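**Student:** Below you'll find work_22.cif; it's mmCIF, C-alpha atoms (C1' of nucleotides).
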data_model
#
loop_
_atom_site.label_atom_id
_atom_site.label_comp_id
_atom_site.auth_asym_id
_atom_site.auth_seq_id
_atom_site.Cartn_x
_atom_site.Cartn_y
_atom_site.Cartn_z
CA MET A 1 -0.24 15.16 -11.37
CA GLN A 2 -2.97 16.18 -13.69
CA PHE A 3 -1.66 18.48 -16.39
CA SER A 4 -0.87 18.13 -20.03
CA ILE A 5 2.68 16.99 -20.50
CA LEU A 6 2.77 17.82 -24.20
CA ALA A 7 1.67 21.37 -23.64
CA ASN A 8 4.43 21.77 -21.12
CA VAL A 9 7.10 20.27 -23.32
CA LYS A 10 6.48 22.88 -25.96
CA ARG A 11 6.88 25.63 -23.41
CA ILE A 12 9.97 24.01 -22.03
CA ILE A 13 11.56 23.85 -25.46
CA ILE A 14 10.81 27.49 -26.07
CA TRP A 15 12.32 28.47 -22.77
CA TYR A 16 15.26 26.24 -23.46
CA GLY A 17 16.01 27.87 -26.78
CA LEU A 18 15.51 31.31 -25.33
CA ALA A 19 17.85 30.66 -22.45
CA LEU A 20 20.45 29.32 -24.82
CA ALA A 21 20.20 32.35 -27.07
CA ILE A 22 20.47 34.75 -24.17
CA LEU A 23 23.44 32.90 -22.83
CA VAL A 24 25.26 32.93 -26.13
CA PHE A 25 24.58 36.60 -26.53
CA LEU A 26 25.80 37.29 -23.03
CA LEU A 27 28.98 35.34 -23.55
CA LYS A 28 29.70 36.99 -26.84
CA PHE A 29 29.11 40.34 -25.27
CA LEU A 30 31.39 39.63 -22.35
CA GLU A 31 33.99 38.08 -24.54
CA TYR A 32 34.51 41.20 -26.61
CA ARG A 33 34.27 43.69 -23.80
CA TYR A 34 35.67 42.83 -20.45
CA ILE A 35 37.03 39.43 -19.77
CA VAL A 36 38.15 38.67 -23.29
CA ARG A 37 40.93 36.12 -23.42
CA ASP A 38 41.61 35.87 -19.75
CA LEU A 39 39.15 33.09 -19.49
CA SER A 40 39.80 30.00 -21.46
CA LEU A 41 37.43 27.80 -23.37
CA GLU A 42 37.49 25.36 -20.50
CA PHE A 43 35.97 27.91 -18.22
CA TYR A 44 33.12 28.63 -20.58
CA LEU A 45 32.45 24.98 -21.05
CA GLY A 46 32.46 24.48 -17.31
CA VAL A 47 29.99 27.27 -16.74
CA ILE A 48 27.69 26.00 -19.44
CA ALA A 49 27.95 22.47 -18.21
CA VAL A 50 27.09 23.33 -14.64
CA LEU A 51 24.28 25.61 -15.70
CA PHE A 52 22.63 23.10 -17.95
CA THR A 53 23.15 20.27 -15.59
CA THR A 54 21.18 22.29 -13.10
CA VAL A 55 18.49 22.85 -15.68
CA GLY A 56 18.50 19.16 -16.45
CA ILE A 57 18.15 18.17 -12.82
CA TRP A 58 15.34 20.61 -12.44
CA LEU A 59 13.65 19.15 -15.49
CA GLY A 60 14.16 15.65 -14.25
CA LEU A 61 12.66 16.54 -10.92
CA LYS A 62 9.75 18.30 -12.51
CA LEU A 63 8.98 15.40 -14.78
CA THR A 64 9.04 12.90 -11.96
CA ARG A 65 7.69 15.04 -9.21
CA LYS A 66 5.04 12.50 -8.40
CA LYS A 67 7.66 10.01 -7.33
CA VAL A 68 9.04 12.22 -4.62
CA ILE A 69 8.19 10.77 -1.28
CA THR A 70 7.28 12.37 1.96
CA ILE A 71 9.21 11.21 4.95
CA SER A 72 6.71 12.03 7.62
CA ALA A 73 3.20 12.89 6.69
CA PRO A 74 0.90 11.16 9.11
CA GLN A 75 -2.57 11.68 7.86
CA PRO A 76 -4.81 13.00 10.63
CA SER A 77 -7.45 10.66 9.27
CA PRO A 78 -10.94 11.96 8.94
CA PRO A 79 -11.44 15.54 7.89
CA ASP A 80 -14.25 13.92 5.99
CA THR A 81 -17.87 14.65 6.10
CA ILE A 82 -19.31 14.11 9.53
CA PHE A 83 -20.60 10.61 9.74
CA GLN A 84 -24.27 10.28 10.51
CA LEU A 85 -25.50 6.83 11.38
CA ASP A 86 -28.55 5.73 9.53
CA GLU A 87 -30.54 4.20 12.35
CA GLN A 88 -33.45 3.43 10.11
CA ILE A 89 -31.41 0.87 8.26
CA LEU A 90 -30.15 -0.42 11.57
CA GLN A 91 -33.73 -1.16 12.59
CA GLN A 92 -34.67 -2.31 9.16
CA LYS A 93 -31.94 -4.90 9.21
CA GLY A 94 -32.88 -5.88 12.74
CA ILE A 95 -29.45 -5.17 14.13
CA SER A 96 -29.46 -4.77 17.91
CA LYS A 97 -27.37 -2.31 19.92
CA ARG A 98 -25.03 -4.97 21.11
CA GLU A 99 -24.55 -6.30 17.64
CA TYR A 100 -23.82 -2.85 16.37
CA LYS A 101 -21.21 -2.34 19.06
CA VAL A 102 -19.54 -5.54 17.95
CA LEU A 103 -19.74 -4.42 14.35
CA GLU A 104 -17.98 -1.18 15.22
CA LEU A 105 -15.13 -2.89 16.99
CA MET A 106 -14.89 -5.41 14.21
CA ALA A 107 -14.48 -2.62 11.69
CA LYS A 108 -11.66 -1.17 13.74
CA GLY A 109 -9.75 -4.34 13.14
CA HIS A 110 -10.20 -6.09 16.46
CA SER A 111 -10.31 -9.86 16.77
CA ASN A 112 -13.24 -11.62 18.37
CA GLN A 113 -11.20 -12.21 21.49
CA GLU A 114 -10.29 -8.53 21.74
CA ILE A 115 -13.91 -7.53 21.31
CA ALA A 116 -14.92 -10.01 23.99
CA ASP A 117 -12.39 -8.52 26.39
CA LYS A 118 -13.47 -4.99 25.61
CA LEU A 119 -17.13 -5.76 26.21
CA PHE A 120 -16.50 -8.04 29.22
CA VAL A 121 -18.26 -11.02 27.71
CA SER A 122 -17.08 -14.39 26.51
CA LEU A 123 -15.63 -15.20 23.13
CA ASN A 124 -18.62 -17.39 22.36
CA THR A 125 -20.94 -14.50 22.87
CA ILE A 126 -19.06 -12.44 20.33
CA LYS A 127 -19.14 -15.34 17.92
CA THR A 128 -22.89 -15.47 18.25
CA HIS A 129 -23.17 -11.75 17.62
CA THR A 130 -20.94 -11.86 14.58
CA SER A 131 -22.79 -14.81 13.17
CA ASN A 132 -26.08 -12.98 13.54
CA LEU A 133 -24.52 -9.90 11.99
CA PHE A 134 -23.39 -11.85 8.96
CA ILE A 135 -26.89 -13.15 8.43
CA LYS A 136 -28.44 -9.71 8.79
CA LEU A 137 -25.87 -8.10 6.56
CA GLU A 138 -25.87 -10.97 4.09
CA ALA A 139 -22.15 -11.40 4.50
CA LYS A 140 -19.97 -14.46 4.65
CA ARG A 141 -16.93 -12.88 6.24
CA ARG A 142 -16.26 -10.04 8.62
CA THR A 143 -14.50 -8.05 5.92
CA GLN A 144 -17.58 -8.39 3.76
CA ALA A 145 -19.81 -7.39 6.64
CA ILE A 146 -17.75 -4.27 7.21
CA GLU A 147 -17.87 -3.34 3.54
CA ARG A 148 -21.63 -3.89 3.48
CA ALA A 149 -22.10 -1.82 6.62
CA LYS A 150 -20.14 1.06 5.13
CA GLN A 151 -22.23 1.00 2.01
CA LEU A 152 -25.35 1.06 4.12
CA ARG A 153 -24.02 4.03 6.07
CA LEU A 154 -23.91 2.06 9.26
CA LEU A 155 -20.20 2.79 9.59
CA PRO A 156 -18.08 5.81 8.66
CA MET B 157 15.52 2.31 3.10
CA GLN B 158 18.33 4.72 3.66
CA PHE B 159 21.78 4.65 2.18
CA SER B 160 24.77 6.88 2.01
CA ILE B 161 24.07 10.00 0.04
CA LEU B 162 27.52 11.39 0.50
CA ALA B 163 29.21 8.35 -0.95
CA ASN B 164 27.16 8.70 -4.09
CA VAL B 165 27.70 12.40 -4.40
CA LYS B 166 31.44 11.95 -4.28
CA ARG B 167 31.31 9.46 -7.09
CA ILE B 168 29.03 11.65 -9.12
CA ILE B 169 31.37 14.61 -8.74
CA ILE B 170 34.32 12.54 -9.84
CA TRP B 171 32.48 11.31 -12.90
CA TYR B 172 31.30 14.79 -13.59
CA GLY B 173 34.78 16.26 -13.55
CA LEU B 174 36.12 13.40 -15.59
CA ALA B 175 33.45 13.80 -18.25
CA LEU B 176 34.11 17.50 -18.41
CA ALA B 177 37.83 17.00 -18.79
CA ILE B 178 37.39 14.46 -21.54
CA LEU B 179 34.97 16.71 -23.33
CA VAL B 180 37.29 19.68 -23.20
CA PHE B 181 40.14 17.61 -24.43
CA LEU B 182 38.04 16.25 -27.25
CA LEU B 183 36.89 19.67 -28.31
CA LYS B 184 40.39 21.11 -28.22
CA PHE B 185 41.61 18.23 -30.24
CA LEU B 186 38.91 18.62 -32.85
CA GLU B 187 39.28 22.35 -32.92
CA TYR B 188 42.91 22.23 -33.99
CA ARG B 189 42.65 19.39 -36.41
CA TYR B 190 39.60 18.97 -38.49
CA ILE B 191 36.67 21.23 -38.01
CA VAL B 192 38.57 24.27 -36.82
CA ARG B 193 36.69 27.49 -37.30
CA ASP B 194 33.87 26.15 -39.42
CA LEU B 195 31.84 25.68 -36.31
CA SER B 196 31.04 28.69 -34.27
CA LEU B 197 31.02 29.14 -30.54
CA GLU B 198 27.27 28.89 -30.58
CA PHE B 199 27.49 25.39 -31.88
CA TYR B 200 29.84 24.30 -29.15
CA LEU B 201 27.68 25.85 -26.54
CA GLY B 202 24.64 24.14 -27.94
CA VAL B 203 26.28 20.75 -27.92
CA ILE B 204 27.50 21.21 -24.38
CA ALA B 205 24.14 22.47 -23.26
CA VAL B 206 22.22 19.57 -24.72
CA LEU B 207 24.73 17.08 -23.44
CA PHE B 208 24.71 18.32 -19.93
CA THR B 209 21.00 18.81 -19.87
CA THR B 210 20.74 15.14 -20.66
CA VAL B 211 23.16 14.37 -17.89
CA GLY B 212 21.13 16.58 -15.60
CA ILE B 213 17.86 14.90 -16.46
CA TRP B 214 19.45 11.55 -15.90
CA LEU B 215 20.77 12.72 -12.58
CA GLY B 216 17.40 14.13 -11.63
CA LEU B 217 15.69 10.89 -12.48
CA LYS B 218 18.24 8.87 -10.62
CA LEU B 219 18.03 10.99 -7.56
CA THR B 220 14.26 10.96 -7.40
CA ARG B 221 14.10 7.29 -8.11
CA LYS B 222 16.44 6.66 -5.27
CA LYS B 223 14.27 8.77 -3.05
CA VAL B 224 17.29 10.72 -1.86
CA ILE B 225 15.52 13.99 -2.23
CA THR B 226 12.41 14.45 -0.21
CA ILE B 227 10.06 17.27 -0.73
CA SER B 228 7.11 17.09 1.54
CA ALA B 229 3.89 17.94 -0.16
CA PRO B 230 1.13 17.70 2.40
CA GLN B 231 -2.04 17.89 0.45
CA PRO B 232 -4.92 19.62 2.21
CA SER B 233 -7.24 16.96 0.86
CA PRO B 234 -10.13 18.82 -0.72
CA PRO B 235 -13.57 18.30 0.77
CA ASP B 236 -14.79 16.50 -2.31
CA THR B 237 -15.66 12.86 -2.09
CA ILE B 238 -13.40 11.66 -4.86
CA PHE B 239 -10.83 9.26 -3.56
CA GLN B 240 -7.25 10.11 -4.39
CA LEU B 241 -4.72 7.38 -3.79
CA ASP B 242 -1.64 8.53 -1.95
CA GLU B 243 1.04 6.83 -4.00
CA GLN B 244 3.76 8.40 -1.93
CA ILE B 245 2.74 6.38 1.07
CA LEU B 246 2.39 3.34 -1.13
CA GLN B 247 6.03 3.68 -2.08
CA GLN B 248 7.05 4.66 1.38
CA LYS B 249 5.53 1.52 2.79
CA GLY B 250 7.09 -0.52 0.01
CA ILE B 251 3.81 -1.96 -1.16
CA SER B 252 4.04 -3.43 -4.64
CA LYS B 253 1.37 -3.24 -7.35
CA ARG B 254 0.36 -6.81 -6.87
CA GLU B 255 0.12 -6.41 -3.16
CA TYR B 256 -2.04 -3.36 -3.58
CA LYS B 257 -4.37 -5.23 -5.89
CA VAL B 258 -4.75 -7.89 -3.26
CA LEU B 259 -5.35 -5.23 -0.65
CA GLU B 260 -8.15 -3.75 -2.75
CA LEU B 261 -9.91 -7.06 -3.18
CA MET B 262 -9.42 -7.84 0.48
CA ALA B 263 -11.11 -4.60 1.42
CA LYS B 264 -14.06 -5.52 -0.76
CA GLY B 265 -14.64 -8.49 1.48
CA HIS B 266 -13.23 -11.28 -0.63
CA SER B 267 -11.64 -14.37 0.88
CA ASN B 268 -8.12 -15.36 -0.04
CA GLN B 269 -9.47 -18.12 -2.27
CA GLU B 270 -11.73 -15.68 -4.11
CA ILE B 271 -8.86 -13.27 -4.61
CA ALA B 272 -6.71 -16.10 -5.92
CA ASP B 273 -9.42 -17.02 -8.43
CA LYS B 274 -9.88 -13.44 -9.51
CA LEU B 275 -6.17 -12.91 -10.12
CA PHE B 276 -5.59 -16.36 -11.59
CA VAL B 277 -2.94 -17.34 -9.10
CA SER B 278 -2.80 -19.91 -6.34
CA LEU B 279 -4.11 -19.53 -2.83
CA ASN B 280 -0.58 -19.74 -1.48
CA THR B 281 0.47 -16.76 -3.54
CA ILE B 282 -2.30 -14.67 -2.07
CA LYS B 283 -1.31 -15.79 1.37
CA THR B 284 2.20 -14.58 0.74
CA HIS B 285 0.93 -11.23 -0.47
CA THR B 286 -1.36 -10.78 2.48
CA SER B 287 1.37 -11.74 4.92
CA ASN B 288 3.70 -9.18 3.39
CA LEU B 289 0.93 -6.60 3.47
CA PHE B 290 0.36 -7.17 7.17
CA ILE B 291 4.02 -6.61 7.86
CA LYS B 292 4.15 -3.46 5.75
CA LEU B 293 0.94 -2.10 7.24
CA GLU B 294 1.82 -3.21 10.75
CA ALA B 295 -1.40 -5.17 11.01
CA LYS B 296 -2.21 -8.52 12.58
CA ARG B 297 -5.46 -9.20 10.77
CA ARG B 298 -6.94 -8.36 7.42
CA THR B 299 -9.57 -6.16 9.02
CA GLN B 300 -6.82 -4.21 10.73
CA ALA B 301 -4.87 -3.92 7.51
CA ILE B 302 -7.92 -2.50 5.76
CA GLU B 303 -8.54 -0.01 8.53
CA ARG B 304 -4.90 1.02 8.46
CA ALA B 305 -4.91 1.39 4.68
CA LYS B 306 -7.96 3.61 4.84
CA GLN B 307 -6.33 5.86 7.38
CA LEU B 308 -3.27 6.09 5.18
CA ARG B 309 -5.46 7.02 2.24
CA LEU B 310 -4.52 3.92 0.34
CA LEU B 311 -8.14 2.91 0.12
CA PRO B 312 -11.34 4.93 -0.23
"C1'" DA C 313 28.36 -11.90 -12.88
"C1'" DA C 314 26.34 -10.88 -8.46
"C1'" DA C 315 22.87 -8.81 -5.63
"C1'" DC C 316 18.29 -7.63 -5.09
"C1'" DC C 317 13.26 -7.22 -5.62
"C1'" DC C 318 8.88 -8.99 -7.30
"C1'" DT C 319 6.01 -12.67 -8.19
"C1'" DT C 320 4.85 -17.04 -7.96
"C1'" DC C 321 4.06 -21.45 -5.40
"C1'" DA C 322 4.56 -25.09 -1.77
"C1'" DC C 323 4.15 -27.28 2.89
"C1'" DC C 324 3.32 -27.30 7.70
"C1'" DC C 325 1.24 -25.91 11.78
"C1'" DG C 326 -1.38 -23.34 15.02
"C1'" DA C 327 -4.72 -19.74 15.79
"C1'" DA C 328 -8.80 -17.41 14.64
"C1'" DA C 329 -13.07 -17.27 12.49
"C1'" DG C 330 -17.36 -19.13 11.32
"C1'" DT C 331 -21.50 -22.77 11.66
"C1'" DA C 332 -24.88 -25.22 14.12
"C1'" DT C 333 -27.50 -26.10 17.98
"C1'" DG C 334 -29.18 -25.53 22.40
"C1'" DA C 335 -29.69 -23.39 26.99
"C1'" DT C 336 -30.39 -19.61 30.53
"C1'" DT C 337 -31.56 -15.07 32.10
"C1'" DT C 338 -33.53 -10.52 31.84
"C1'" DG C 339 -36.52 -6.85 30.49
"C1'" DC C 340 -40.45 -5.34 28.11
"C1'" DA C 341 -45.01 -5.51 26.22
"C1'" DT C 342 -49.42 -7.64 25.72
"C1'" DA D 343 -48.34 -14.21 33.49
"C1'" DT D 344 -47.18 -15.14 29.24
"C1'" DG D 345 -44.72 -14.42 25.23
"C1'" DC D 346 -40.87 -12.65 22.99
"C1'" DA D 347 -36.65 -10.53 21.72
"C1'" DA D 348 -32.13 -9.59 23.33
"C1'" DA D 349 -28.08 -11.00 25.51
"C1'" DT D 350 -25.41 -14.32 27.39
"C1'" DC D 351 -22.71 -18.71 27.24
"C1'" DA D 352 -21.50 -23.53 25.87
"C1'" DT D 353 -19.93 -27.50 22.99
"C1'" DA D 354 -18.50 -29.37 18.82
"C1'" DC D 355 -17.06 -29.14 14.34
"C1'" DT D 356 -15.32 -27.08 9.80
"C1'" DT D 357 -13.16 -23.55 7.33
"C1'" DT D 358 -10.27 -19.78 6.78
"C1'" DC D 359 -6.33 -17.10 8.25
"C1'" DG D 360 -1.82 -16.23 9.39
"C1'" DG D 361 3.27 -17.36 10.50
"C1'" DG D 362 7.41 -19.39 9.11
"C1'" DT D 363 10.36 -21.16 5.78
"C1'" DG D 364 12.10 -22.16 1.41
"C1'" DA D 365 12.59 -21.89 -3.44
"C1'" DA D 366 12.37 -20.90 -8.40
"C1'" DG D 367 12.11 -17.62 -12.31
"C1'" DG D 368 12.13 -12.93 -14.27
"C1'" DG D 369 13.69 -8.30 -14.18
"C1'" DT D 370 16.64 -4.54 -12.82
"C1'" DT D 371 20.64 -2.48 -10.73
"C1'" DT D 372 25.36 -2.45 -9.48
#
Could you quickly redo this structure as structure tokens?
**Tutor:**
Amino acid sequence: MQFSILANVKRIIIWYGLALAILVFLLKFLEYRYIVRDLSLEFYLGVIAVLFTTVGIWLGLKLTRKKVITISAPQPSPPDTIFQLDEQILQQKGISKREYKVLELMAKGHSNQEIADKLFVSLNTIKTHTSNLFIKLEAKRRTQAIERAKQLRLLP
Amino acid sequence: MQFSILANVKRIIIWYGLALAILVFLLKFLEYRYIVRDLSLEFYLGVIAVLFTTVGIWLGLKLTRKKVITISAPQPSPPDTIFQLDEQILQQKGISKREYKVLELMAKGHSNQEIADKLFVSLNTIKTHTSNLFIKLEAKRRTQAIERAKQLRLLP
DNA sequence: AAACCCTTCACCCGAAAGTATGATTTGCAT
DNA sequence: ATGCAAATCATACTTTCGGGTGAAGGGTTT
């Protein structure tokens, strides 16, 4: 929500006053022409109340529109710019193909065991790869390695 | 979190009618006692209008706060690179401010201890936050939580 | 006042991650 | 063939994570 609230308030007040004036005029007009005394004060009050409650609700909604939630809006993830791997940096950092594969799976949130299963190697092998990755990416943790890799355009 | 809308509406209507009745009574009473014809119809209308606009705004706020009304607003997500946090999803997932702060620092590659130091709280507190985050993001690991959060547009 | 959420913190325990070191095999280049 | 990097695996050990549970205080809503 990026618009001036103050600017809008002024307009709202103007509209508010205008609506009120028109309404009063309309009622006066009707009162002395057609309906006259058939309708009691209670009726008028009711009409006004309902009308302005509606206005109020509308205002309330408008003012807090940002808080309205969406029930189902699954983001179809990346409509982003097409990711282009920077292989130069890959070579520059001395990251091998296998290590990069591990890095990818790591970034997807897989555990070492899951990566091992996916690549049909042992857990220890993955540990070795990750350890080497951390050294080459100057990271202490996998989350740090992932962040580093994204900054280096090694990951989308 | 869903709850009975109908039950609330019934109560609101009752209160609404009651307030209206009381107001009418009050006005009638005043009309024939003290103020009488000094005040014009316009004045009454104005008072009623303002009053019920207030009620309306209050209602609007209450309704939106309770998330009863849902208006889907699927944003097309402009091709620019500026990250726009999707607060709707944040609320939808029930992620608190503190939890989000932790999530941010987590995504930057910090350990729980580092996050604790940065936020001046204990390690155990961060552990609680992360645990709750994993539940809310349906993740088993921090790397998975980060990946999930990025897909949900909660993180750049 | 009661119910509820957020934030904070604690303790325990098991699982996963990370460190260090060493070994074997394979493919590729000198 | 020799040397070397890559890939594989192992053992042992430390650190970090994560799950489960409980609880206290502050704030808001009912």
**Student:** Quick one: apply the PyMOL selection byres ((chain C) within 8 of (chain B)) to the file and drop the selected residues here as an mmCIF file with C-alpha atoms (C1' of nucleotides), keeping the file's coordinate frame.
**Tutor:**
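As a result, expr24.cif now contains:
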data_model
loop_
_atom_site.group_PDB
_atom_site.id
_atom_site.type_symbol
_atom_site.label_atom_id
_atom_site.label_comp_id
_atom_site.auth_asym_id
_atom_site.auth_seq_id
_atom_site.Cartn_x
_atom_site.Cartn_y
_atom_site.Cartn_z
ATOM 1 C "C1'" DC C 318 8.880 -8.990 -7.300
ATOM 2 C "C1'" DT C 320 4.850 -17.040 -7.960
ATOM 3 C "C1'" DC C 321 4.060 -21.450 -5.400
ATOM 4 C "C1'" DA C 322 4.560 -25.090 -1.770
#
**Student:** Please find the residues of chain D near chain A - the criterion being any atom within 10 Å, counting only C-alpha atoms (C1' of nucleotides) - and write them as a PyMOL selection string.
**Tutor:** chain D and resi 347-352+358
**Student:** Evaluate the PyMOL selection byres ((chain D and resi 361) around 12) on the structure here and hand back the selected residues as a PyMOL selection string.
**Tutor:** (chain B and resi 283-284+286-288+290-291+296-297) or (chain C and resi 324-327) or (chain D and resi 359-360+362-363)
**Student:** Mind giving me the straight-line distance from CA of Lys93 (chain A) to C1' of DA332 (chain C) in Å, one decimal?
**Tutor:**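 C1' of DA332 (chain C) lies 22.1 Å from CA of Lys93 (chain A).
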**Student:** Between B:Ile251, B:Asp273, B:Leu246, B:Gly265, which one has atoms that come closest to Ala145 (chain A), using only C-alpha atoms?
**Tutor:**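 So, comparing all the options, the nearest one is B:Gly265.
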**Student:** Mind checking which residues fall within 12 Å of DA341 (chain C), counting only C-alpha atoms (C1' of nucleotides), ignoring those fewer than 5 positions away in the same chain, and posting them as a PyMOL selection string?
**Tutor:** chain D and resi 343-347
**Student:** For chain B, which of A:Leu152, A:Ile146, A:Leu137, A:Ile115 is the closest residue, counting all atoms listed in the file?
**Tutor:**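 Going through A:Leu152, A:Ile146, A:Leu137, A:Ile115 one by one, the smallest distance to chain B is for A:Ile146.
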**Student:** Return the single residue from B:Val258, B:Leu289, B:Ala295, B:Leu311 that is closest to chain A, with distances computed using all atoms listed in the file.
**Tutor:**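 Going through B:Val258, B:Leu289, B:Ala295, B:Leu311 one by one, the smallest distance to chain A is for B:Ala295.
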